[in-house]
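Here is the file protein21.cif (mmCIF, C-alpha atoms).
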```cif
data_protein
loop_
_atom_site.label_atom_id
_atom_site.label_comp_id
_atom_site.auth_asym_id
_atom_site.auth_seq_id
_atom_site.Cartn_x
_atom_site.Cartn_y
_atom_site.Cartn_z
CA MET U 1 142.58 53.48 163.36
CA THR U 2 140.78 50.15 163.19
CA GLY U 3 138.91 48.95 166.23
CA PRO U 4 138.61 45.60 167.97
CA VAL U 5 137.28 42.56 166.16
CA ILE U 6 133.64 42.02 167.08
CA ARG U 7 132.00 38.62 167.00
CA GLY U 8 129.58 38.01 164.15
CA ARG U 9 131.40 40.40 161.88
CA ALA U 10 133.62 37.86 160.14
CA GLY U 11 134.67 38.97 156.69
CA ARG U 12 133.42 42.54 157.17
CA ALA U 13 135.48 45.65 157.49
CA PRO U 14 136.56 46.44 161.06
CA ILE U 15 134.76 49.34 162.72
CA PRO U 16 136.93 52.45 162.98
CA THR U 17 137.72 53.24 166.62
CA ARG U 18 136.32 56.75 166.33
CA TYR U 19 132.81 55.34 165.95
CA LEU U 20 133.23 53.01 168.92
CA LYS U 21 134.40 55.99 171.00
CA ARG U 22 131.29 57.90 170.01
CA ARG U 23 129.03 55.01 170.81
CA HIS U 24 127.79 56.58 174.05
CA LEU U 25 126.38 59.43 172.02
CA TYR U 26 123.94 57.15 170.24
CA GLY U 27 123.11 55.10 173.35
CA ALA U 28 124.47 51.73 174.41
CA HIS U 29 121.57 49.97 172.70
CA THR U 30 122.67 51.23 169.31
CA PRO U 31 123.22 48.21 167.08
CA TYR U 32 126.64 47.78 165.55
CA SER U 33 125.04 47.84 162.12
CA ILE U 34 124.61 51.62 162.46
CA LEU U 35 128.29 52.02 163.24
CA ASP U 36 129.09 49.74 160.36
CA THR U 37 127.40 51.96 157.77
CA PRO U 38 129.71 54.12 155.63
CA PHE U 39 130.96 57.17 157.45
CA SER U 40 129.03 59.41 155.13
CA SER U 41 125.73 58.21 156.59
CA VAL U 42 126.78 58.18 160.27
CA PRO U 43 124.96 60.98 162.08
CA PRO U 44 127.13 63.87 163.25
CA ALA U 45 128.69 63.48 166.70
CA LEU U 46 126.64 66.03 168.63
CA PRO U 47 125.08 64.97 171.93
CA PRO U 48 121.29 64.72 171.64
CA THR U 49 119.62 67.38 173.75
CA ASN U 50 116.29 65.59 173.86
CA LYS U 51 116.23 61.80 173.98
CA SER U 52 112.64 61.68 172.69
CA LEU U 53 113.58 63.25 169.37
CA PRO U 54 113.36 60.64 166.61
CA HIS U 55 116.48 62.04 164.93
CA PRO U 56 119.85 61.84 166.69
CA HIS U 57 120.73 65.27 165.41
CA PRO U 58 119.65 68.05 167.78
CA TYR U 59 118.67 70.45 165.02
CA PRO U 60 116.03 69.47 162.49
CA TYR U 61 117.63 71.57 159.77
CA SER U 62 121.28 71.70 158.84
CA ALA U 63 123.57 73.67 156.60
CA MET U 64 124.98 70.46 155.11
CA PRO U 65 123.15 70.58 151.75
CA LEU U 66 124.51 74.08 151.30
CA TYR U 67 128.06 72.76 151.51
CA GLY U 68 127.30 70.32 148.71
CA THR U 69 125.82 73.03 146.51
CA ALA U 70 128.75 75.31 147.29
CA LEU U 71 131.17 72.53 146.37
CA LEU U 72 129.26 72.10 143.11
CA ALA U 73 129.41 75.82 142.44
CA VAL U 74 133.14 76.01 143.13
CA CYS U 75 133.81 73.05 140.81
CA HIS U 76 131.60 74.64 138.14
CA LEU U 77 133.37 78.01 138.30
CA LEU U 78 136.86 76.49 138.44
CA GLY U 79 136.09 74.25 135.47
CA ILE U 80 134.71 77.10 133.35
CA LEU U 81 137.74 79.23 134.29
CA LEU U 82 140.17 76.47 133.32
CA GLY U 83 138.27 75.86 130.07
CA GLU U 84 138.44 79.56 129.31
CA LEU U 85 142.20 79.66 130.03
CA LEU U 86 142.73 76.56 127.90
CA GLY U 87 140.88 78.28 125.06
CA ARG U 88 143.09 81.37 125.42
CA ALA U 89 146.22 79.23 125.49
CA LEU U 90 145.16 77.51 122.28
CA GLY U 91 144.17 80.81 120.68
CA VAL U 92 140.48 79.88 120.35
CA GLN U 93 137.51 82.21 120.90
CA ALA U 94 135.68 79.56 122.90
CA ASN U 95 135.64 77.67 126.15
CA VAL U 96 137.45 74.37 125.62
CA GLY U 97 135.61 71.72 127.64
CA GLY U 98 134.97 73.93 130.68
CA VAL U 99 131.92 71.95 131.76
CA GLY U 100 133.75 68.68 131.19
CA ILE U 101 136.65 69.85 133.36
CA ALA U 102 134.14 70.91 136.04
CA MET U 103 132.62 67.42 135.94
CA LEU U 104 136.04 65.83 136.36
CA LEU U 105 136.77 68.16 139.30
CA LEU U 106 133.49 67.16 140.97
CA ILE U 107 134.19 63.46 140.42
CA ALA U 108 137.62 63.95 142.02
CA ALA U 109 136.16 65.96 144.93
CA ARG U 110 133.63 63.20 145.60
CA PHE U 111 136.32 60.53 145.48
CA TYR U 112 138.65 62.31 147.92
CA GLY U 113 135.76 63.49 150.06
CA HIS U 114 134.69 59.91 150.60
CA GLN U 115 138.23 58.76 151.19
CA ARG U 116 139.13 61.47 153.70
CA GLY U 117 135.68 61.51 155.26
CA TRP U 118 134.77 65.17 154.90
CA LEU U 119 131.90 64.58 152.52
CA GLU U 120 128.73 63.63 154.37
CA ALA U 121 125.48 62.24 153.04
CA LYS U 122 123.68 65.46 153.92
CA SER U 123 126.11 67.43 151.80
CA GLU U 124 125.58 65.12 148.86
CA GLU U 125 121.89 66.02 148.94
CA GLY U 126 122.87 69.53 147.92
CA VAL U 127 124.37 68.18 144.71
CA ASN U 128 121.80 65.48 144.05
CA TYR U 129 119.00 68.03 144.11
CA TRP U 130 120.55 69.90 141.21
CA ALA U 131 121.22 66.67 139.34
CA ALA U 132 117.52 65.86 139.74
CA LEU U 133 116.60 69.28 138.35
CA TYR U 134 118.46 68.37 135.20
CA ILE U 135 115.47 67.15 133.16
CA PRO U 136 113.23 70.15 134.00
CA VAL U 137 116.08 72.46 133.02
CA VAL U 138 116.48 70.63 129.72
CA ILE U 139 112.74 71.01 129.07
CA ALA U 140 113.01 74.74 129.76
CA MET U 141 115.92 74.76 127.33
CA ALA U 142 113.75 73.08 124.67
CA MET U 143 111.11 75.78 125.23
CA GLN U 144 113.52 78.49 124.16
CA GLN U 145 115.10 76.89 121.12
CA ASN U 146 114.99 79.00 117.99
CA VAL U 147 112.69 76.56 116.18
CA LEU U 148 111.51 79.25 113.78
CA LYS U 149 115.02 79.97 112.59
CA ALA U 150 115.81 76.29 112.15
CA LEU U 151 112.75 75.91 109.94
CA SER U 152 113.58 79.10 108.02
CA GLY U 153 117.01 77.76 107.00
CA GLY U 154 115.36 76.26 103.94
CA PRO U 155 115.99 72.93 102.23
CA MET U 156 119.77 73.11 102.55
CA ALA U 157 119.75 73.39 106.34
CA LEU U 158 117.15 70.63 106.50
CA ALA U 159 119.01 68.26 104.19
CA ALA U 160 122.44 68.86 105.77
CA ALA U 161 121.10 68.42 109.32
CA ILE U 162 119.15 65.24 108.52
CA THR U 163 122.09 63.68 106.69
CA THR U 164 124.47 64.57 109.53
CA VAL U 165 122.24 63.09 112.22
CA ALA U 166 121.69 59.95 110.13
CA ALA U 167 125.41 59.53 109.41
CA CYS U 168 126.34 60.10 113.07
CA ALA U 169 123.69 57.64 114.23
CA ALA U 170 125.04 55.03 111.82
CA CYS U 171 128.56 55.71 113.12
CA VAL U 172 127.47 55.43 116.77
CA SER U 173 125.70 52.20 115.94
CA PHE U 174 128.77 50.84 114.18
CA ILE U 175 131.15 51.66 117.05
CA ASN U 176 128.75 50.46 119.75
CA ARG U 177 128.10 47.15 118.01
CA ARG U 178 131.83 46.50 118.10
CA GLU U 179 132.14 47.77 121.70
CA VAL U 180 129.38 45.80 123.33
CA VAL U 181 131.10 42.46 122.65
CA ALA U 182 133.92 43.15 125.11
CA PRO U 183 131.86 44.01 128.26
CA ALA U 184 129.52 41.08 127.53
CA GLU U 185 132.51 38.73 127.58
CA THR U 186 133.85 40.07 130.85
CA SER U 187 130.46 39.91 132.55
CA ALA U 188 129.99 36.30 131.44
CA LYS U 189 133.12 35.22 133.31
CA MET I 1 94.29 93.09 136.72
CA GLU I 2 96.23 92.48 133.54
CA SER I 3 99.14 94.61 134.68
CA LEU I 4 99.07 93.01 138.12
CA LEU I 5 99.45 89.52 136.64
CA GLN I 6 102.14 90.74 134.30
CA LYS I 7 104.08 92.33 137.15
CA LEU I 8 103.76 89.10 139.15
CA ALA I 9 105.02 87.02 136.21
CA VAL I 10 107.92 89.33 135.39
CA ASP I 11 109.08 89.84 138.98
CA ASN I 12 108.95 86.11 139.71
CA GLY I 13 110.13 84.86 136.35
CA LEU I 14 112.24 81.95 137.55
CA VAL I 15 109.63 80.78 140.04
CA LEU I 16 106.92 80.92 137.40
CA SER I 17 109.05 78.89 134.99
CA PHE I 18 109.46 76.15 137.63
CA ALA I 19 105.68 75.98 137.80
CA VAL I 20 105.27 76.02 134.00
CA VAL I 21 107.83 73.27 133.47
CA GLY I 22 106.26 71.26 136.29
CA LEU I 23 102.90 71.52 134.55
CA VAL I 24 104.41 70.41 131.23
CA VAL I 25 106.11 67.44 132.91
CA LEU I 26 102.82 66.51 134.60
CA CYS I 27 100.93 66.62 131.29
CA SER I 28 103.61 64.66 129.44
CA GLY I 29 103.70 62.01 132.16
CA TYR I 30 99.94 61.63 131.78
CA ILE I 31 100.21 61.42 127.98
CA SER I 32 103.04 58.89 128.29
CA ARG I 33 101.04 56.65 130.59
CA LYS I 34 97.58 56.92 129.04
CA LEU I 35 98.10 57.50 125.32
CA THR I 36 101.29 55.57 124.63
CA VAL I 37 100.91 53.06 127.50
CA GLY I 38 104.37 53.98 128.79
CA ARG I 39 106.03 53.15 125.50
CA VAL I 40 107.31 56.68 124.91
CA GLN I 41 109.21 58.20 127.86
CA GLY I 42 107.56 61.11 129.60
CA SER I 43 110.62 63.31 129.26
CA ALA I 44 110.73 62.72 125.48
CA ILE I 45 107.15 63.96 125.21
CA ALA I 46 107.93 66.90 127.50
CA ILE I 47 110.81 67.95 125.23
CA LEU I 48 108.56 67.68 122.17
CA ILE I 49 105.92 69.82 123.89
CA GLY I 50 108.68 72.28 124.81
CA LEU I 51 109.83 72.53 121.19
CA ALA I 52 106.23 73.00 120.00
CA LEU I 53 105.77 75.79 122.57
CA ALA I 54 109.05 77.32 121.38
CA TYR I 55 107.65 77.38 117.85
CA VAL I 56 104.44 79.02 119.06
CA GLY I 57 106.44 81.58 121.05
CA GLY I 58 108.67 82.36 118.09
CA ARG I 59 105.62 82.76 115.88
CA MET I 60 103.96 85.13 118.38
CA THR I 61 106.92 87.41 119.01
CA GLY I 62 109.24 86.92 116.05
CA GLY I 63 112.13 86.75 118.52
CA ASN I 64 114.84 84.14 118.61
CA LYS I 65 114.35 82.68 122.08
CA GLY I 66 111.12 80.74 121.56
CA LEU I 67 108.64 80.93 124.40
CA ALA I 68 111.10 82.90 126.55
CA ASP I 69 110.44 85.98 124.39
CA VAL I 70 106.82 86.13 125.54
CA THR I 71 106.72 88.67 128.39
CA TYR I 72 105.03 86.27 130.79
CA PHE I 73 107.56 83.48 130.32
CA GLY I 74 110.80 85.48 130.36
CA GLY I 75 111.99 83.43 133.36
CA LEU I 76 112.43 80.42 131.09
CA ALA I 77 115.45 82.15 129.60
CA LEU I 78 117.13 81.91 133.01
CA MET I 79 115.96 78.40 133.88
CA GLY I 80 116.85 76.90 130.50
CA GLY I 81 119.82 79.20 129.91
CA ASN I 82 123.43 78.11 129.72
CA MET I 83 124.20 78.88 133.37
CA LEU I 84 121.65 76.60 135.02
CA ARG I 85 121.95 74.00 132.27
CA ASP I 86 125.70 73.65 132.81
CA PHE I 87 125.23 73.72 136.60
CA ALA I 88 122.78 70.82 136.39
CA ILE I 89 125.03 68.91 133.97
CA VAL I 90 128.00 69.29 136.33
CA ALA I 91 125.81 68.06 139.20
CA THR I 92 125.04 64.84 137.30
CA ALA I 93 128.78 64.06 137.39
CA PHE I 94 128.15 62.84 140.95
CA GLU I 95 126.61 59.71 139.42
CA VAL I 96 129.61 58.92 137.21
CA GLN I 97 131.55 55.78 138.04
CA PRO I 98 135.17 56.92 137.52
CA ALA I 99 136.28 53.44 136.41
CA GLU I 100 133.66 53.31 133.64
CA ALA I 101 134.58 56.75 132.40
CA ARG I 102 138.29 56.02 132.36
CA ARG I 103 137.85 52.72 130.50
CA ALA I 104 135.90 54.41 127.69
CA GLY I 105 138.15 57.46 127.58
CA TRP I 106 139.95 56.79 124.32
CA VAL I 107 136.77 55.65 122.53
CA GLY I 108 135.19 58.92 123.59
CA ALA I 109 138.13 60.89 122.20
CA LEU I 110 137.95 58.96 118.93
CA ALA I 111 134.20 59.61 118.71
CA LEU I 112 134.87 63.30 119.39
CA PHE I 113 137.28 63.43 116.46
CA ILE I 114 134.93 61.63 114.04
CA GLY I 115 132.04 63.71 115.37
CA THR I 116 133.86 66.88 114.29
CA LEU I 117 135.17 65.66 110.93
CA LEU I 118 132.08 63.82 109.66
CA PRO I 119 129.50 66.62 110.10
CA PHE I 120 131.97 69.11 108.66
CA VAL I 121 132.50 67.05 105.50
CA ILE I 122 128.74 66.55 105.08
CA GLY I 123 128.08 70.26 105.65
CA VAL I 124 130.71 71.29 103.12
CA SER I 125 129.41 68.88 100.49
CA PHE I 126 125.82 70.09 100.92
CA ALA I 127 126.98 73.69 100.68
CA TYR I 128 128.84 72.75 97.49
CA ALA I 129 125.76 70.98 96.11
CA PHE I 130 123.65 74.10 96.78
CA GLY I 131 125.98 76.30 94.80
CA TYR I 132 128.53 77.73 97.26
CA ARG I 133 132.02 77.67 95.78
CA ASP I 134 134.22 79.96 97.94
CA ALA I 135 136.22 78.39 100.75
CA VAL I 136 134.99 80.85 103.38
CA SER I 137 131.28 80.09 102.87
CA LEU I 138 131.91 76.36 102.54
CA THR I 139 133.91 76.26 105.79
CA THR I 140 131.35 78.35 107.68
CA ILE I 141 128.42 76.15 106.68
CA GLY I 142 130.47 73.06 107.48
CA ALA I 143 131.30 74.59 110.88
CA GLY I 144 127.59 75.22 111.54
CA THR I 145 126.96 71.54 110.90
CA VAL I 146 129.43 70.71 113.69
CA THR I 147 127.54 72.84 116.25
CA TYR I 148 125.59 76.07 116.05
CA ILE I 149 128.26 77.81 118.14
CA VAL I 150 131.19 76.73 116.00
CA GLY I 151 129.36 78.16 112.94
CA PRO I 152 129.28 81.84 113.91
CA VAL I 153 132.65 81.66 115.72
CA THR I 154 134.31 80.31 112.57
CA GLY I 155 132.34 82.59 110.27
CA SER I 156 133.38 85.76 112.08
CA ALA I 157 136.98 84.53 112.39
CA ILE I 158 137.43 83.95 108.66
CA GLY I 159 135.14 86.76 107.48
CA ALA I 160 131.99 85.13 106.12
CA SER I 161 128.91 87.15 105.11
CA SER I 162 126.14 87.48 107.71
CA GLU I 163 123.76 85.60 105.44
CA VAL I 164 126.03 82.56 105.42
CA ILE I 165 126.56 82.81 109.19
CA THR I 166 122.78 82.83 109.72
CA LEU I 167 122.48 79.78 107.49
CA SER I 168 125.21 77.97 109.46
CA ILE I 169 123.37 78.69 112.74
CA ALA I 170 120.15 77.35 111.20
CA VAL I 171 121.87 74.09 110.23
CA GLY I 172 123.34 73.69 113.72
CA VAL I 173 120.09 74.44 115.54
CA PHE I 174 118.22 72.08 113.27
CA LYS I 175 120.77 69.35 113.99
CA ALA I 176 120.42 69.89 117.75
CA ILE I 177 116.62 69.74 117.58
CA LEU I 178 116.75 66.66 115.37
CA ALA I 179 119.10 64.96 117.87
CA MET I 180 116.69 65.77 120.73
CA VAL I 181 113.73 64.27 118.85
CA THR I 182 115.29 61.26 117.16
CA THR I 183 117.65 59.96 119.88
CA PRO I 184 114.94 58.10 121.84
CA LEU I 185 113.63 56.63 118.57
CA LEU I 186 117.07 55.50 117.42
CA ALA I 187 118.31 54.39 120.87
CA LYS I 188 117.88 50.68 120.11
CA PHE I 189 119.56 50.99 116.72
CA MET I 190 122.49 52.90 118.25
CA ARG I 191 122.80 50.35 121.08
CA LEU I 192 122.58 53.07 123.73
CA GLY I 193 122.61 51.34 127.08
CA THR I 194 126.06 51.32 128.64
CA PRO I 195 128.15 54.25 129.88
CA ARG I 196 130.62 53.53 127.11
CA SER I 197 127.97 53.70 124.38
CA ALA I 198 126.71 56.98 125.83
CA MET I 199 130.22 58.43 125.64
CA VAL I 200 130.51 57.40 122.00
CA PHE I 201 127.15 59.02 121.33
CA GLY I 202 128.18 62.18 123.18
CA GLY I 203 131.26 62.52 121.02
CA LEU I 204 129.57 61.84 117.72
CA ALA I 205 126.28 63.66 118.09
CA GLY I 206 127.92 66.87 119.27
CA THR I 207 125.91 69.84 120.59
CA VAL I 208 125.50 69.71 124.36
CA SER I 209 121.82 70.62 124.03
CA GLY I 210 121.11 67.84 121.53
CA VAL I 211 123.00 65.22 123.51
CA SER I 212 121.70 66.24 126.92
CA ALA I 213 118.07 66.37 125.84
CA GLY I 214 118.35 63.25 123.67
CA LEU I 215 119.87 61.18 126.48
CA ALA I 216 117.47 62.63 129.06
CA ALA I 217 114.62 61.37 126.92
CA THR I 218 116.26 57.97 126.50
CA ASP I 219 117.80 57.02 129.83
CA ARG I 220 118.56 59.48 132.62
CA LYS I 221 121.45 57.34 133.90
CA LEU I 222 123.43 57.82 130.68
CA VAL I 223 123.29 61.63 130.76
CA PRO I 224 126.54 62.35 132.68
CA TYR I 225 128.64 60.06 130.49
CA GLY I 226 127.36 61.57 127.23
CA ALA I 227 127.62 65.12 128.54
CA LEU I 228 131.18 64.57 129.79
CA VAL I 229 132.37 64.05 126.21
CA ALA I 230 129.92 66.35 124.44
CA THR I 231 131.03 69.42 126.41
CA PHE I 232 134.41 69.19 124.70
CA HIS I 233 132.72 69.18 121.30
CA THR I 234 132.26 72.93 120.85
CA GLY I 235 135.77 73.67 122.08
CA VAL I 236 137.41 71.14 119.76
CA GLY I 237 135.27 72.42 116.87
CA CYS I 238 136.26 76.03 117.51
CA LEU I 239 139.87 74.88 117.68
CA VAL I 240 140.25 72.86 114.47
CA VAL I 241 137.57 74.21 112.10
CA PRO I 242 138.78 77.82 111.58
CA SER I 243 142.40 76.64 111.36
CA LEU I 244 143.07 73.11 110.13
CA PHE I 245 139.79 72.47 108.31
CA PHE I 246 139.72 75.94 106.75
CA PHE I 247 143.21 75.46 105.29
CA ALA I 248 142.17 72.06 103.92
CA VAL I 249 139.05 73.51 102.27
CA ARG I 250 141.05 76.44 100.87
CA ALA I 251 143.54 73.99 99.40
CA LEU I 252 140.71 72.05 97.76
CA PHE I 253 138.89 75.12 96.36
CA PRO I 254 141.72 77.58 95.63
CA ALA I 255 140.13 79.53 92.77
CA HIS I 256 137.82 81.67 94.88
CA ALA I 257 139.76 81.76 98.14
#
```
Now, as a test, write the supplied structure out as structure tokens.
Amino acid sequence: MTGPVIRGRAGRAPIPTRYLKRRHLYGAHTPYSILDTPFSSVPPALPPTNKSLPHPHPYPYSAMPLYGTALLAVCHLLGILLGELLGRALGVQANVGGVGIAMLLLIAARFYGHQRGWLEAKSEEGVNYWAALYIPVVIAMAMQQNVLKALSGGPMALAAAITTVAACAACVSFINRREVVAPAETSAK
Amino acid sequence: MESLLQKLAVDNGLVLSFAVVGLVVLCSGYISRKLTVGRVQGSAIAILIGLALAYVGGRMTGGNKGLADVTYFGGLALMGGNMLRDFAIVATAFEVQPAEARRAGWVGALALFIGTLLPFVIGVSFAYAFGYRDAVSLTTIGAGTVTYIVGPVTGSAIGASSEVITLSIAVGVFKAILAMVTTPLLAKFMRLGTPRSAMVFGGLAGTVSGVSAGLAATDRKLVPYGALVATFHTGVGCLVVPSLFFFAVRALFPAHA
């Protein structure tokens, strides 16, 4: 799979032969640095129809981002389904960690996609767009909280909620103060 | 004219909500830069504005979905609803470093356990202090303190009165809102800064909405780690509260059970 050793590339990963074979597609003047970039950012191997186009890809638009979003959707649905089944198996009327399972599935898909080379940079855009939409979605979520009901719970709801948040914050602080020592030691080495 | 605008807003609900949220983000970014000189994050201010608008919306309509109950802003229910929220949370998993997540795995699980037990105990003791003595009501209010979904699920499973269930939802919603507002303020105190610390926070603070909004307002990079743990919170709560915790409470307060 690995190609010939090229001068000036000491200590760097060898270029896979498949990129050297495609080199004519990008033109002989193409610097090796392009071929050296991770496979996910190498342009697709379609012959350019018009040499004057700034982009090596013949079509300005591609379906790639859609694949990413579809991958995200499949992981989401599978995760929710598994969470729902886990809930049933445990006899609970709730989804047990469906979103968490979906996240793990997506992490795994990304890992294997990179390893096997079927996940391209363009496809990742389709996921990253939704990740970027995260904060606006959370703001929309804040806009539809039942603030009125929370305030109408009276002094008991207020007192219990404040105490809980304070106690949890103290607990987080306690655990994190103990935690942070270890990574600081390893980074100092 | 009125009906034309209304038809436009209703037919294009989701699109309109993108524009509305964009406007709120724009305003909050301006406030963050000019009024607080960048000291308070723009997204924290945007969430505060969102909560204030939710209050106004609830006041105007008397509904339970904040601003989304106003006819013009119905699209917000879709944009901020569970479907798109979970979709966006799953998408953030792309930024997770698997090694980091695996290293903090057991701390996250420990935090998840404490984060279920501690709020429950506090909720039960406050319910006791405010005069509830039967095991069913005590457990339901304690469950609401875990998250506002565990409250009604537990309440209906063990047969609590609707008044108590409403109270348990109120406690849970209040906790979520409080987590959204106070997380950026307490971030330094809680040492939020590493993926590991975010996972501990996600387990302890519970409620996906509280954690996701709180971390979004603190540091966007920490969101996936916190959310990864927090999404198990409701499930674990629904698993242990109506069974294990209910039996424990019933053993402690047997007279009225």
Decode the PyMOL selection byres ((chain I and resi 100) around 12) for the given file into explicit residues and return them as a PyMOL selection string.
-> (chain U and resi 183) or (chain I and resi 95-99+101-108+194-199+222+224-225)
Residues of chain U within 7 Å of chain I, only C-alpha atoms counted, as a ChimeraX atom specification | /U:72,76,92,94-97,99-100,102-103,106-107,127-128,130-131,133-150,153,156-158,160-161,164-165,168-169,172-173,176-177
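As for atom CA of I:Val136 and atom CA of I:Ile158, they are spaced 6.6 Å apart.
Among the candidates U:Tyr129, U:Gly79, U:Gln93, U:Tyr67, the residue lying nearest to I:Gly155 is U:Gln93 (atoms considered: all atoms listed in the file).
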If you measure from atom CA of I:Ala143 to atom CA of I:Leu117, what distance in Å do you get, rounded to one decimal?
-> 9.7 Å
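Across the model, the gap from atom CA of U:Ala167 to atom CA of I:Leu244 is 22.3 Å.
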Exactly which residues make up the result of the PyMOL selection byres ((chain U and resi 65) around 6) on this file, given as a ChimeraX atom specification?
-> /U:63-64,66-68,122-123,125-126
